[in-house]
Each structure stands twice: as C-alpha cells, then as structure tokens.
Amino acid sequence: MSLNLQSIRQDYAKQTLSIKECAISPFNQFELWLKQAIDAKVNEPTAMNVATVDQNGMPTARIVLLKEMSQEGFIFYTNYESRKGLAIAQNPHAALTFFWPELERQVRIEGSVQKVDTQVSDVYFASRPYTSRLGAWASHQSQEITGHAQLIKEVAKLGIKYPLKVPRPDYWGGYIVIPDRVEFWQGRPSRLHDRILYEKNNDSPNLWTKVRLSP
Ligand SMILES: Cc1cc2nc3c(=O)[nH]c(=O)nc-3n(C[C@H](O)[C@H](O)[C@H](O)COP(=O)(O)O)c2cc1C
C-alpha cells in the first residue's frame, strides 16, 4: 500500500515579516508572536517540539509544553530520567519548534540546556493540580509498564501516602533552553516565505544579530 499526498498543499498569504519590524531581542519577538497565537486561539499555542540527540548521535523528538520564557531562555518541565532526560544528560543541547498553522508561522530555537534551580521546579510543581502531582510520582516516564491499571493502582496508593501535600520527586523538574539561534518563519505565497534569523553575538552575548534567510 502506498499513500500519495502530493496534491495536499496550501498557499500562505496572511502576513509578512521584515528585519525592520522584528524586535531587537528574539525574546521580545517571541513574546509578541506567542501572544498573537494565544489571541488567535491557536490550539495548544505553548506546545513545542523538543528535539534532543542521545549519546549515540541519534536524534529523538517529542511535544512538550512551554511553561515560562525569560530573557535567559525557554523552560519546560519533565522527568529527568525519561528518554529526553537521559539524552540531555549526555548532550545538553536541544532544538525547539513551534508551529502556529492558523497564523502560518513557525519559530525554531536552538541552544544549550540546563536544569532550572530546584526552587523554581518546586514552585511550579506546587502549582500543578493534585492528581498531576501524584502522577509525577506514579510515572517512571518512558519505561515499559504492564497496563494503564498499574498507573491507577499506583496513584491510589500515593493518594494514601500523600493525602494533602505532595513533595516534588527529585527526578522531576524543569529544563531551560538557552538559545543561540532563533528563527521566525512567516509563510508567504509561492513558497517565497519570510525567514528572519537571530544569532547570538559571541563577543557580547546580550546582543543579537538579525539576518534574512532564503526560504
Ligand atoms: C500536547 C502535548 C503536551 C505534552 N507536554 C509534556 C510536558 O510538558 N512534559 C513532558 O514530559 N511530556 C509532555 N508530553 C509527552 C511527551 O510528548 C512525551 O511523550 C514524554 O515526555 C516522553 O518523552 P521521552 O520518552 O522522549 O522522554 C506532551 C505531549 C503532548 C502531545
């Protein structure tokens, strides 16, 4: 069986993007685009693809939710012992991709990865719903399990152990991706898209250079 998808194509014509209109810092430009995605009611506007590379040089990717952005980087939360956690421990770099189809936009972020301070993870963990906090204990993310019932049983046991206050497991917390490249992509007609790339200036890391890339 084969699947021919060659006739599925869409032309993009909603907006344009120029170097001049892009903010000085990619963080400010990202904030503007994310706000516009939220206002446009894009489905899961904070969902991003996170690509990592393991110790054998094999890339893997998965969707996670962006939970915070500062002038330093982009933060997401996960299990440090998951497949991505093990890959990051070996190779602390990641590439993030956002796609907001309703706005015909993509953002690509590449940089180094660090664990956030434990206090930062504590504060975010405490803000999660009770059952999600129990879930973080019940899930040994990316390991094989016998079935869904195993998780439900585990959560029930944990509910007895932690009837009110659920501590954060040591193996669960945040990562910050500190970018050195951020690219904003705006779809344009006839595949002549706008691409503006920010690159960190090696001599003064708070300064970014902006260039236009060929689509
Ligand atoms: C919309 C969406 C949001 C997700 N958000 C997260 C998240 O914030 N953190 C997380 O660890 N996994 C999240 N996941 C699950 C991951 O995609 C993935 O299955 C999990 O992190 C295990 O990945 P790994 O085995 O590569 O480590 C999300 C999945 C989807 C589809």
# chains A, B, ... in the order shown; residues from 1 in each chain; ligands from 1
>>> residues_around(residues="Leu192 in chain A", least_positions_apart="3", cutoff="12 Å", atoms="only C-alpha atoms", output="VMD selection string")
chain A and resid 11 to 13 16 to 17 185 to 189 195 213 to 215
>>> residues_near_ligand(ligand="ligand 1", cutoff="7 Å", atoms="only C-alpha atoms and all ligand atoms", output="PDB file with C-alpha atoms, in the first residue's frame")
ATOM      1  CA  GLU A  44      -2.175  24.436  22.189  1.00  0.00           C
ATOM      2  CA  ALA A  47       3.092  23.188  22.586  1.00  0.00           C
ATOM      3  CA  THR A  60      14.614  11.998  19.010  1.00  0.00           C
ATOM      4  CA  ALA A  61      11.762  14.490  19.236  1.00  0.00           C
ATOM      5  CA  ARG A  62       8.571  14.907  21.169  1.00  0.00           C
ATOM      6  CA  ILE A  63       5.996  17.587  22.054  1.00  0.00           C
ATOM      7  CA  VAL A  64       6.141  19.310  25.447  1.00  0.00           C
ATOM      8  CA  LEU A  65       4.557  22.475  26.817  1.00  0.00           C
ATOM      9  CA  LEU A  66       6.485  25.704  27.251  1.00  0.00           C
ATOM     10  CA  PHE A  76       9.689  23.170  30.184  1.00  0.00           C
ATOM     11  CA  TYR A  77       9.073  20.509  32.836  1.00  0.00           C
ATOM     12  CA  THR A  78       9.549  16.796  32.587  1.00  0.00           C
ATOM     13  CA  ASN A  79      11.001  13.661  34.145  1.00  0.00           C
ATOM     14  CA  SER A  82      12.941   9.961  30.799  1.00  0.00           C
ATOM     15  CA  ARG A  83      14.452   9.278  27.395  1.00  0.00           C
ATOM     16  CA  LYS A  84      14.858  13.007  26.777  1.00  0.00           C
ATOM     17  CA  GLY A  85      16.318  13.485  30.262  1.00  0.00           C
ATOM     18  CA  GLN A 141       8.360   8.195  32.227  1.00  0.00           C
ATOM     19  CA  SER A 142       9.500   6.264  29.132  1.00  0.00           C
TER      20      SER A 142
END
>>> select_by_dssp(residues="range 11-138 of chain A", states="helix (DSSP H, G or I)", output="number ranges by chain")
A: 26-39, 83-90, 101-103, 118-127, 130-138
>>> residues_around(residues="Ile24 in chain A", least_positions_apart="3", cutoff="12 Å", atoms="only C-alpha atoms", output="compact mmCIF listing (two decimals) with N, CA, C and O atoms, in the first residue's frame")
# COMPACT_ATOMS: atom_id res chain seq x y z
N ILE A 19 12.98 42.35 8.57
CA ILE A 19 14.00 42.54 9.62
C ILE A 19 13.66 43.77 10.44
O ILE A 19 13.77 43.78 11.67
N LYS A 20 13.23 44.82 9.73
CA LYS A 20 12.98 46.11 10.38
C LYS A 20 11.92 46.00 11.48
O LYS A 20 12.06 46.57 12.56
N GLU A 21 10.87 45.24 11.20
CA GLU A 21 9.78 45.16 12.19
C GLU A 21 10.10 44.18 13.32
O GLU A 21 9.39 44.17 14.35
N PHE A 27 13.69 37.30 22.26
CA PHE A 27 12.74 37.02 23.34
C PHE A 27 11.51 37.92 23.21
O PHE A 27 10.37 37.47 23.39
N ASN A 28 11.75 39.20 22.90
CA ASN A 28 10.62 40.12 22.74
C ASN A 28 9.79 39.75 21.50
O ASN A 28 8.57 39.82 21.52
N GLN A 29 10.49 39.36 20.42
CA GLN A 29 9.78 38.98 19.21
C GLN A 29 8.94 37.71 19.48
O GLN A 29 7.80 37.60 19.06
N PHE A 30 9.53 36.77 20.24
CA PHE A 30 8.81 35.53 20.56
C PHE A 30 7.57 35.84 21.40
O PHE A 30 6.49 35.30 21.17
N ILE A 196 13.50 35.23 9.31
CA ILE A 196 14.43 36.14 9.98
C ILE A 196 15.13 35.36 11.09
O ILE A 196 14.47 34.81 11.98
N LEU A 197 16.45 35.31 10.99
CA LEU A 197 17.26 34.55 11.95
C LEU A 197 18.00 35.50 12.89
O LEU A 197 18.67 36.43 12.44
N TYR A 198 17.86 35.23 14.20
CA TYR A 198 18.65 35.93 15.22
C TYR A 198 19.80 35.01 15.64
O TYR A 198 19.57 33.83 15.93
N GLU A 199 21.00 35.56 15.68
CA GLU A 199 22.14 34.79 16.19
C GLU A 199 22.81 35.57 17.30
O GLU A 199 22.99 36.79 17.19
N LYS A 200 23.18 34.81 18.34
CA LYS A 200 23.83 35.46 19.49
C LYS A 200 25.21 35.94 19.08
O LYS A 200 25.94 35.21 18.39
N ASN A 206 24.65 39.45 25.08
CA ASN A 206 23.30 40.02 25.18
C ASN A 206 22.87 40.68 23.87
O ASN A 206 21.74 41.14 23.76
N LEU A 207 23.79 40.73 22.90
CA LEU A 207 23.46 41.35 21.62
C LEU A 207 23.18 40.26 20.58
O LEU A 207 23.83 39.23 20.56
N TRP A 208 22.21 40.53 19.75
CA TRP A 208 21.81 39.57 18.72
C TRP A 208 21.95 40.22 17.35
O TRP A 208 21.64 41.41 17.19
N THR A 209 22.41 39.44 16.37
CA THR A 209 22.40 39.95 15.00
C THR A 209 21.21 39.32 14.29
O THR A 209 20.81 38.19 14.59
N LYS A 210 20.64 40.07 13.34
CA LYS A 210 19.47 39.58 12.60
C LYS A 210 19.83 39.51 11.12
O LYS A 210 20.43 40.45 10.59
N VAL A 211 19.49 38.41 10.49
CA VAL A 211 19.68 38.31 9.04
C VAL A 211 18.43 37.68 8.42
O VAL A 211 17.68 36.98 9.10
